[in-house]
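Peer 1: The structure file target-v8.cif (mmCIF, C-alpha atoms) is provided below.
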```cif
data_start
loop_
_atom_site.group_PDB
_atom_site.id
_atom_site.type_symbol
_atom_site.label_atom_id
_atom_site.label_comp_id
_atom_site.auth_asym_id
_atom_site.auth_seq_id
_atom_site.Cartn_x
_atom_site.Cartn_y
_atom_site.Cartn_z
ATOM 1 C CA MET A 1 44.844 -44.887 -45.685
ATOM 2 C CA SER A 2 45.171 -48.240 -43.953
ATOM 3 C CA ASN A 3 48.962 -47.991 -44.151
ATOM 4 C CA PHE A 4 48.788 -44.543 -42.537
ATOM 5 C CA LEU A 5 46.659 -45.845 -39.668
ATOM 6 C CA GLN A 6 48.982 -48.806 -39.169
ATOM 7 C CA ASN A 7 52.054 -46.613 -39.156
ATOM 8 C CA HIS A 8 50.535 -43.942 -36.841
ATOM 9 C CA ARG A 9 48.030 -45.988 -34.881
ATOM 10 C CA TYR A 10 49.607 -45.113 -31.519
ATOM 11 C CA THR A 11 49.508 -41.439 -32.372
ATOM 12 C CA VAL A 12 45.835 -41.646 -33.374
ATOM 13 C CA ILE A 13 45.002 -43.542 -30.187
ATOM 14 C CA ALA A 14 46.847 -40.966 -28.101
ATOM 15 C CA LEU A 15 45.029 -38.110 -29.827
ATOM 16 C CA GLY A 16 41.693 -39.869 -29.267
ATOM 17 C CA VAL A 17 42.444 -40.370 -25.571
ATOM 18 C CA LEU A 18 43.484 -36.728 -25.225
ATOM 19 C CA LEU A 19 40.292 -35.611 -26.971
ATOM 20 C CA VAL A 20 38.152 -37.697 -24.631
ATOM 21 C CA ILE A 21 40.030 -36.387 -21.592
ATOM 22 C CA PHE A 22 39.595 -32.836 -22.880
ATOM 23 C CA MET A 23 35.877 -33.315 -23.427
ATOM 24 C CA MET A 24 35.477 -34.798 -19.952
ATOM 25 C CA SER A 25 37.545 -32.171 -18.162
ATOM 26 C CA ALA A 26 36.506 -28.974 -19.982
ATOM 27 C CA TYR A 27 33.289 -27.152 -19.106
ATOM 28 C CA ILE A 28 31.838 -23.779 -20.037
ATOM 29 C CA VAL A 29 30.229 -21.380 -17.563
ATOM 30 C CA PRO A 30 27.937 -18.831 -19.306
ATOM 31 C CA GLU A 31 27.450 -15.297 -18.030
ATOM 32 C CA GLU A 32 24.024 -16.042 -16.455
ATOM 33 C CA GLU A 33 25.333 -18.984 -14.412
ATOM 34 C CA GLN A 34 27.806 -19.627 -11.629
ATOM 35 C CA ALA A 35 29.414 -22.933 -10.808
ATOM 36 C CA VAL A 36 30.572 -24.820 -7.730
ATOM 37 C CA ILE A 37 33.309 -27.439 -8.112
ATOM 38 C CA ILE A 38 32.659 -30.427 -5.871
ATOM 39 C CA ARG A 39 35.382 -32.967 -5.114
ATOM 40 C CA THR A 40 34.522 -36.116 -3.174
ATOM 41 C CA GLY A 41 31.337 -34.462 -1.930
ATOM 42 C CA GLU A 42 32.960 -31.235 -0.717
ATOM 43 C CA PRO A 43 32.958 -27.833 -2.488
ATOM 44 C CA VAL A 44 36.508 -26.928 -3.453
ATOM 45 C CA GLY A 45 36.026 -23.916 -5.748
ATOM 46 C CA THR A 46 33.640 -21.547 -7.487
ATOM 47 C CA VAL A 47 33.424 -19.895 -10.883
ATOM 48 C CA ASN A 48 31.740 -16.617 -11.917
ATOM 49 C CA THR A 49 30.296 -15.864 -8.474
ATOM 50 C CA PRO A 50 29.265 -12.320 -7.414
ATOM 51 C CA ASN A 51 32.348 -10.385 -6.309
ATOM 52 C CA GLY A 52 34.490 -13.421 -7.190
ATOM 53 C CA THR A 53 37.891 -13.536 -8.869
ATOM 54 C CA THR A 54 36.778 -15.597 -11.891
ATOM 55 C CA ASN A 55 34.445 -14.736 -14.736
ATOM 56 C CA ALA A 56 32.371 -16.633 -17.275
ATOM 57 C CA GLY A 57 34.330 -18.756 -19.757
ATOM 58 C CA ILE A 58 35.889 -22.211 -20.310
ATOM 59 C CA TYR A 59 37.422 -24.047 -17.371
ATOM 60 C CA PHE A 60 38.837 -27.490 -16.595
ATOM 61 C CA ARG A 61 38.218 -30.046 -13.881
ATOM 62 C CA VAL A 62 39.694 -33.399 -12.901
ATOM 63 C CA PRO A 63 37.662 -36.098 -14.685
ATOM 64 C CA PHE A 64 35.890 -38.699 -12.530
ATOM 65 C CA ILE A 65 36.885 -36.784 -9.375
ATOM 66 C CA ASP A 66 35.470 -33.294 -9.750
ATOM 67 C CA SER A 67 31.833 -32.526 -10.555
ATOM 68 C CA VAL A 68 30.337 -29.191 -11.527
ATOM 69 C CA ARG A 69 27.153 -27.918 -9.868
ATOM 70 C CA ARG A 70 25.632 -25.121 -11.922
ATOM 71 C CA VAL A 71 23.705 -22.374 -10.078
ATOM 72 C CA GLU A 72 21.486 -19.663 -11.576
ATOM 73 C CA LYS A 73 22.998 -16.190 -11.264
ATOM 74 C CA ARG A 74 19.964 -14.215 -12.409
ATOM 75 C CA LEU A 75 17.046 -13.057 -10.257
ATOM 76 C CA LEU A 76 14.681 -15.833 -9.228
ATOM 77 C CA ASP A 77 11.003 -15.658 -8.294
ATOM 78 C CA LEU A 78 9.361 -17.044 -5.191
ATOM 79 C CA GLU A 79 5.621 -17.226 -5.808
ATOM 80 C CA MET A 80 3.175 -17.438 -2.906
ATOM 81 C CA THR A 81 -0.299 -18.864 -3.470
ATOM 82 C CA ASP A 82 -3.381 -17.249 -1.917
ATOM 83 C CA GLU A 83 -2.946 -17.472 1.839
ATOM 84 C CA GLU A 84 -5.483 -16.460 4.475
ATOM 85 C CA VAL A 85 -4.112 -13.861 6.895
ATOM 86 C CA LEU A 86 -5.828 -12.362 9.958
ATOM 87 C CA SER A 87 -5.300 -8.584 10.189
ATOM 88 C CA GLN A 88 -5.151 -6.532 13.368
ATOM 89 C CA ASP A 89 -8.825 -5.529 13.036
ATOM 90 C CA GLN A 90 -9.767 -9.226 12.807
ATOM 91 C CA GLN A 91 -10.326 -9.204 9.051
ATOM 92 C CA ARG A 92 -9.600 -12.461 7.234
ATOM 93 C CA LEU A 93 -7.652 -11.523 4.104
ATOM 94 C CA LEU A 94 -6.570 -13.529 1.079
ATOM 95 C CA VAL A 95 -3.035 -12.373 0.279
ATOM 96 C CA ASN A 96 -1.115 -13.215 -2.884
ATOM 97 C CA ALA A 97 2.540 -12.174 -2.672
ATOM 98 C CA TYR A 98 5.855 -12.889 -4.361
ATOM 99 C CA ALA A 99 9.544 -12.302 -3.650
ATOM 100 C CA ARG A 100 12.596 -11.902 -5.877
ATOM 101 C CA PHE A 101 15.920 -13.323 -4.760
ATOM 102 C CA ARG A 102 19.307 -14.344 -6.115
ATOM 103 C CA ILE A 103 22.057 -16.703 -5.017
ATOM 104 C CA VAL A 104 25.058 -14.767 -3.683
ATOM 105 C CA ASN A 105 26.797 -17.648 -1.891
ATOM 106 C CA PRO A 106 26.506 -20.762 -4.080
ATOM 107 C CA VAL A 107 28.705 -22.858 -1.791
ATOM 108 C CA ARG A 108 26.364 -22.317 1.158
ATOM 109 C CA MET A 109 23.385 -22.942 -1.110
ATOM 110 C CA VAL A 110 24.824 -26.284 -2.252
ATOM 111 C CA GLU A 111 25.648 -27.304 1.314
ATOM 112 C CA ARG A 112 22.281 -26.369 2.867
ATOM 113 C CA ALA A 113 19.699 -26.471 0.082
ATOM 114 C CA GLY A 114 21.287 -28.452 -2.737
ATOM 115 C CA THR A 115 19.566 -26.612 -5.597
ATOM 116 C CA THR A 116 17.680 -23.400 -6.263
ATOM 117 C CA GLU A 117 14.441 -25.363 -5.985
ATOM 118 C CA GLY A 118 15.591 -26.373 -2.528
ATOM 119 C CA VAL A 119 15.995 -22.693 -1.691
ATOM 120 C CA ARG A 120 12.470 -21.986 -2.914
ATOM 121 C CA THR A 121 11.112 -24.847 -0.838
ATOM 122 C CA ALA A 122 12.892 -23.527 2.253
ATOM 123 C CA LEU A 123 11.919 -19.858 1.763
ATOM 124 C CA GLU A 124 8.232 -20.360 0.931
ATOM 125 C CA PRO A 125 7.060 -21.198 4.493
ATOM 126 C CA ILE A 126 9.346 -18.449 5.855
ATOM 127 C CA LEU A 127 7.737 -15.862 3.552
ATOM 128 C CA ASN A 128 4.307 -17.106 4.615
ATOM 129 C CA SER A 129 5.184 -16.832 8.312
ATOM 130 C CA VAL A 130 6.831 -13.403 8.082
ATOM 131 C CA LEU A 131 3.937 -12.023 6.041
ATOM 132 C CA ARG A 132 1.393 -13.312 8.572
ATOM 133 C CA GLN A 133 3.273 -11.757 11.473
ATOM 134 C CA GLU A 134 3.638 -8.350 9.831
ATOM 135 C CA LEU A 135 0.106 -8.079 8.424
ATOM 136 C CA GLY A 136 -1.242 -9.267 11.762
ATOM 137 C CA ARG A 137 0.110 -6.023 13.258
ATOM 138 C CA ARG A 138 -1.760 -3.822 10.759
ATOM 139 C CA THR A 139 -5.377 -3.140 9.821
ATOM 140 C CA PHE A 140 -6.954 -3.940 6.472
ATOM 141 C CA GLN A 141 -7.415 -0.221 5.757
ATOM 142 C CA ALA A 142 -3.700 0.406 6.430
ATOM 143 C CA MET A 143 -2.821 -2.092 3.679
ATOM 144 C CA LEU A 144 -4.618 0.187 1.197
ATOM 145 C CA THR A 145 -2.470 3.213 2.080
ATOM 146 C CA ALA A 146 1.218 4.130 1.879
ATOM 147 C CA GLU A 147 1.767 2.163 5.102
ATOM 148 C CA ARG A 148 1.726 -0.933 2.923
ATOM 149 C CA GLY A 149 5.189 -0.040 1.601
ATOM 150 C CA SER A 150 6.724 0.108 5.082
ATOM 151 C CA ALA A 151 5.120 -3.233 5.967
ATOM 152 C CA LEU A 152 6.629 -4.891 2.880
ATOM 153 C CA ALA A 153 10.032 -3.369 3.695
ATOM 154 C CA VAL A 154 9.914 -5.062 7.096
ATOM 155 C CA VAL A 155 8.870 -8.343 5.462
ATOM 156 C CA ARG A 156 11.778 -8.132 2.995
ATOM 157 C CA THR A 157 14.288 -7.441 5.782
ATOM 158 C CA ASN A 158 13.085 -10.369 7.887
ATOM 159 C CA LEU A 159 12.926 -12.733 4.915
ATOM 160 C CA ASP A 160 16.403 -11.688 3.752
ATOM 161 C CA ARG A 161 17.799 -12.433 7.206
ATOM 162 C CA GLN A 162 16.449 -15.987 6.971
ATOM 163 C CA ALA A 163 17.502 -16.409 3.325
ATOM 164 C CA ARG A 164 21.155 -15.619 4.067
ATOM 165 C CA GLN A 165 21.590 -18.990 5.747
ATOM 166 C CA TYR A 166 20.781 -20.613 2.386
ATOM 167 C CA GLY A 167 23.194 -18.381 0.455
ATOM 168 C CA ALA A 168 20.399 -16.231 -1.010
ATOM 169 C CA GLU A 169 19.712 -12.500 -0.968
ATOM 170 C CA VAL A 170 16.106 -11.210 -1.094
ATOM 171 C CA ILE A 171 15.849 -8.229 -3.432
ATOM 172 C CA ASP A 172 12.161 -7.378 -3.229
ATOM 173 C CA VAL A 173 8.836 -8.488 -1.760
ATOM 174 C CA GLN A 174 5.523 -7.348 -3.234
ATOM 175 C CA ILE A 175 1.845 -8.100 -2.700
ATOM 176 C CA LYS A 176 0.009 -8.712 -5.959
ATOM 177 C CA ARG A 177 -3.467 -8.833 -4.462
ATOM 178 C CA THR A 178 -5.178 -8.442 -1.079
ATOM 179 C CA ASP A 179 -8.838 -9.462 -1.068
ATOM 180 C CA LEU A 180 -11.533 -10.342 1.401
ATOM 181 C CA PRO A 181 -12.829 -13.919 1.200
ATOM 182 C CA ASP A 182 -16.073 -14.414 -0.702
ATOM 183 C CA GLY A 183 -19.309 -15.024 1.168
ATOM 184 C CA ALA A 184 -20.410 -13.906 4.617
ATOM 185 C CA PRO A 185 -17.056 -12.378 5.695
ATOM 186 C CA LEU A 186 -17.007 -10.166 2.610
ATOM 187 C CA GLN A 187 -20.586 -8.969 3.122
ATOM 188 C CA SER A 188 -19.919 -8.398 6.810
ATOM 189 C CA ALA A 189 -16.884 -6.305 5.977
ATOM 190 C CA PHE A 190 -18.867 -4.226 3.484
ATOM 191 C CA GLN A 191 -21.618 -3.634 6.056
ATOM 192 C CA ARG A 192 -19.046 -2.659 8.675
ATOM 193 C CA MET A 193 -17.386 -0.247 6.254
ATOM 194 C CA GLU A 194 -20.776 1.255 5.327
ATOM 195 C CA THR A 195 -21.680 1.681 9.007
ATOM 196 C CA ASP A 196 -18.333 3.349 9.712
ATOM 197 C CA ARG A 197 -18.810 5.764 6.817
ATOM 198 C CA GLU A 198 -22.335 6.640 7.971
ATOM 199 C CA ARG A 199 -21.092 7.223 11.520
ATOM 200 C CA GLU A 200 -18.319 9.436 10.183
ATOM 201 C CA ALA A 201 -20.821 11.371 8.043
ATOM 202 C CA ARG A 202 -23.097 11.954 11.048
ATOM 203 C CA THR A 203 -20.136 13.201 13.068
ATOM 204 C CA ILE A 204 -19.108 15.605 10.291
ATOM 205 C CA ARG A 205 -22.674 16.906 9.923
ATOM 206 C CA ALA A 206 -22.987 17.415 13.698
ATOM 207 C CA GLN A 207 -19.695 19.294 13.790
ATOM 208 C CA GLY A 208 -20.778 21.424 10.829
ATOM 209 C CA SER A 209 -24.115 22.232 12.478
ATOM 210 C CA ARG A 210 -22.342 23.172 15.713
ATOM 211 C CA ASP A 211 -19.877 25.394 13.868
ATOM 212 C CA ALA A 212 -22.750 27.021 11.944
ATOM 213 C CA ARG A 213 -24.586 27.858 15.183
ATOM 214 C CA ILE A 214 -21.419 29.316 16.660
ATOM 215 C CA ILE A 215 -20.747 31.416 13.563
ATOM 216 C CA ARG A 216 -24.391 32.556 13.400
ATOM 217 C CA ALA A 217 -24.395 33.513 17.082
ATOM 218 C CA GLU A 218 -21.152 35.443 16.713
ATOM 219 C CA ALA A 219 -22.526 37.202 13.621
ATOM 220 C CA ASP A 220 -25.784 38.103 15.424
ATOM 221 C CA ALA A 221 -23.813 39.430 18.382
ATOM 222 C CA GLU A 222 -21.638 41.528 16.079
ATOM 223 C CA ALA A 223 -24.716 42.818 14.245
ATOM 224 C CA ALA A 224 -26.387 43.734 17.538
ATOM 225 C CA ARG A 225 -23.245 45.546 18.618
ATOM 226 C CA VAL A 226 -23.099 47.486 15.341
ATOM 227 C CA TYR A 227 -26.822 48.331 15.564
ATOM 228 C CA ALA A 228 -26.467 49.423 19.166
ATOM 229 C CA THR A 229 -23.527 51.630 18.287
ATOM 230 C CA ALA A 230 -25.321 53.159 15.313
ATOM 231 C CA PHE A 231 -28.660 53.660 17.063
ATOM 232 C CA GLY A 232 -26.976 55.080 20.151
ATOM 233 C CA LYS A 233 -25.729 57.978 18.028
ATOM 234 C CA ASP A 234 -29.266 58.885 16.893
ATOM 235 C CA PRO A 235 -32.095 57.672 19.181
ATOM 236 C CA GLU A 236 -34.794 59.269 16.994
ATOM 237 C CA PHE A 237 -33.596 57.329 13.951
ATOM 238 C CA TYR A 238 -33.637 54.135 15.996
ATOM 239 C CA ASP A 239 -37.228 54.844 17.021
ATOM 240 C CA PHE A 240 -38.120 55.415 13.360
ATOM 241 C CA TYR A 241 -36.339 52.238 12.214
ATOM 242 C CA ARG A 242 -38.100 50.067 14.802
ATOM 243 C CA ALA A 243 -41.453 51.594 13.892
ATOM 244 C CA MET A 244 -40.907 50.780 10.194
ATOM 245 C CA GLN A 245 -40.048 47.177 11.081
ATOM 246 C CA SER A 246 -43.251 46.932 13.128
ATOM 247 C CA TYR A 247 -45.336 48.394 10.304
ATOM 248 C CA ASP A 248 -43.795 45.953 7.827
ATOM 249 C CA THR A 249 -44.627 43.003 10.063
ATOM 250 C CA THR A 250 -48.159 44.181 10.837
ATOM 251 C CA PHE A 251 -49.293 45.251 7.392
ATOM 252 C CA ALA A 252 -47.356 42.733 5.241
ATOM 253 C CA ALA A 253 -49.430 40.673 2.804
ATOM 254 C CA THR A 254 -47.490 37.467 3.582
ATOM 255 C CA ASP A 255 -46.208 35.849 6.752
ATOM 256 C CA GLU A 256 -42.610 34.835 7.593
ATOM 257 C CA ASN A 257 -42.930 31.636 5.505
ATOM 258 C CA GLY A 258 -44.120 33.556 2.428
ATOM 259 C CA GLN A 259 -47.706 32.377 2.800
ATOM 260 C CA PRO A 260 -50.562 34.899 2.250
ATOM 261 C CA LYS A 261 -52.083 36.211 5.446
ATOM 262 C CA SER A 262 -55.765 35.867 6.083
ATOM 263 C CA GLU A 263 -57.684 39.036 5.221
ATOM 264 C CA SER A 264 -58.406 41.220 8.217
ATOM 265 C CA ASN A 265 -59.225 44.852 8.883
ATOM 266 C CA ILE A 266 -57.468 47.080 11.367
ATOM 267 C CA ILE A 267 -59.225 50.283 12.452
ATOM 268 C CA LEU A 268 -57.073 52.831 14.229
ATOM 269 C CA SER A 269 -57.523 56.475 15.066
ATOM 270 C CA PRO A 270 -55.187 58.855 13.214
ATOM 271 C CA ASP A 271 -54.105 60.141 16.599
ATOM 272 C CA ASN A 272 -53.100 56.638 17.735
ATOM 273 C CA GLU A 273 -49.585 56.555 19.205
ATOM 274 C CA TYR A 274 -48.744 53.508 17.078
ATOM 275 C CA LEU A 275 -49.119 55.591 13.890
ATOM 276 C CA ARG A 276 -47.146 58.625 15.063
ATOM 277 C CA GLN A 277 -44.352 57.990 12.507
ATOM 278 C CA PHE A 278 -46.918 58.474 9.718
ATOM 279 C CA ARG A 279 -47.651 61.929 11.028
ATOM 280 C CA GLY A 280 -44.015 62.956 10.572
ATOM 281 C CA ARG A 281 -41.841 64.882 12.940
ATOM 282 C CA ARG A 282 -43.132 68.037 14.583
#
```
Show how you would write the structure in this file as structure tokens.
Peer 2:
Amino acid sequence: MSNFLQNHRYTVIALGVLLVIFMMSAYIVPEEEQAVIIRTGEPVGTVNTPNGTTNAGIYFRVPFIDSVRRVEKRLLDLEMTDEEVLSQDQQRLLVNAYARFRIVNPVRMVERAGTTEGVRTALEPILNSVLRQELGRRTFQAMLTAERGSALAVVRTNLDRQARQYGAEVIDVQIKRTDLPDGAPLQSAFQRMETDREREARTIRAQGSRDARIIRAEADAEAARVYATAFGKDPEFYDFYRAMQSYDTTFAATDENGQPKSESNIILSPDNEYLRQFRGRR
């Protein structure tokens, strides 16, 4: 073995040097990553970027001169802690939102943010500012309706416009929770909502009462018209009908409210004009 090494020592040394050079120059880019090749501080190439000409695999660089900056290719999250936002109706809201983004221009990201954490650090105050501006144009009640979706679409568009300068693309923005602060503001909001609902209920009841009076008046007018038409065809029947109504009111055992009437006696002559309907027609 020693004789072999002595006879081929230069070959072994050469193979060792080549192996070291290979290990130092070769690098692997997996499918979920993209890479930026930096030479003397300047980006000179990319690997496995969106819409790029290279794919994931094994690549080579110049040792000691080129460095490889790896960049996440998958979707990344931008979490926003609870932030207090003032709505259009002067409600102080605690908003918890998040955004999803990805790096589409790794060269610009490396130049302006350095790393994906740098992108997060740059986008977080922008998301906060854009969200404040948009929610400040809307009421708290609007954020509980379908209008919330249009507001978030505007936030995503504005945030994406700012994120492009860092080589990122914003895919989605969502609000996880929108709450009122605990304490006096929350109780005040509940009282205001209760007062608004009571005012709305009174308005609905007043409108219903007005509509009922209108409908009742129209019905009474129609009934009077029908009665007038019917009685005009037979005046004697009308006289009989009115007399029966009068008898029913006079001799009824109960009043209009269903209460028993006090006992009383009525003495009339059989020839009294009031009782002529009892005598029949002659």
Peer 1: May I ask for the distance between atom CA of A:Leu94 and atom CA of A:Val154, given in Å to one decimal place?
Peer 2: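 Here the two named atoms are 19.5 Å from each other.
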Peer 1: Using all atoms listed in the file for the distances, tell me which of A:Thr53, A:Thr139, A:Asn158, A:Gln34 is nearest to A:Gln88.
Peer 2: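 That would be A:Thr139, the residue with the smallest distance to A:Gln88.
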Peer 1: If the PyMOL selection byres ((chain A and resi 156) around 8) is run on the structure shown, which residues does it catch, given as number ranges by chain?
Peer 2: A: 152-155, 157-160, 170-173
Peer 1: Could you write out as a tab-separated table (two decimals) with C-alpha atoms, in the frame of the given file the residues that the PyMOL selection byres ((chain A and resi 109-120) around 9) matches in the shown file?
Peer 2:
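expr-v6.tsv written:
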```
chain	number	residue	atom	x	y	z
A	36	VAL	CA	30.57	-24.82	-7.73
A	42	GLU	CA	32.96	-31.24	-0.72
A	43	PRO	CA	32.96	-27.83	-2.49
A	69	ARG	CA	27.15	-27.92	-9.87
A	70	ARG	CA	25.63	-25.12	-11.92
A	71	VAL	CA	23.70	-22.37	-10.08
A	72	GLU	CA	21.49	-19.66	-11.58
A	76	LEU	CA	14.68	-15.83	-9.23
A	77	ASP	CA	11.00	-15.66	-8.29
A	78	LEU	CA	9.36	-17.04	-5.19
A	79	GLU	CA	5.62	-17.23	-5.81
A	103	ILE	CA	22.06	-16.70	-5.02
A	104	VAL	CA	25.06	-14.77	-3.68
A	105	ASN	CA	26.80	-17.65	-1.89
A	106	PRO	CA	26.51	-20.76	-4.08
A	107	VAL	CA	28.70	-22.86	-1.79
A	108	ARG	CA	26.36	-22.32	1.16
A	121	THR	CA	11.11	-24.85	-0.84
A	122	ALA	CA	12.89	-23.53	2.25
A	123	LEU	CA	11.92	-19.86	1.76
A	124	GLU	CA	8.23	-20.36	0.93
A	163	ALA	CA	17.50	-16.41	3.32
A	165	GLN	CA	21.59	-18.99	5.75
A	166	TYR	CA	20.78	-20.61	2.39
A	167	GLY	CA	23.19	-18.38	0.46
A	168	ALA	CA	20.40	-16.23	-1.01
```
Peer 1: Can you turn the PyMOL selection byres ((chain A and resi 25-32) around 8) into a concrete residue list for this file, as a list in words?
Peer 2: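 On this input, the PyMOL selection byres ((chain A and resi 25-32) around 8) captures Ile21, Phe22, Met23, Met24, Glu33, Gln34, Ala35, Val47, Asn48, Asn55, Ala56, Gly57, Ile58, Tyr59, Phe60, Arg61, Val62, Pro63, Glu72, Lys73 and Arg74 of chain A.
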Peer 1: With distances taken over only C-alpha atoms, which residue among A:Ala151, A:Ile204, A:Ile126, A:Ala221 lies nearest A:Met80?
Peer 2: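 The closest residue to A:Met80 is A:Ile126.
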Peer 1: Closest to A:Thr49 among A:Asp66, A:Arg213, A:Arg102, A:Pro125, using only C-alpha atoms?
Peer 2: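 Looking at the shortest contact to A:Thr49, the residue is A:Arg102.
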Peer 1: Report the distance between atom CA of A:Ala97 and atom CA of A:Gln174 in Å, rounded to one decimal place.
Peer 2: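 Atom-to-atom, atom CA of A:Ala97 and atom CA of A:Gln174 are spaced 5.7 Å apart.
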Peer 1: To one decimal in Å, tell me the separation between atom CA of A:Val95 and atom CA of A:Lys176.
Peer 2: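 These two atoms are separated by 7.8 Å.
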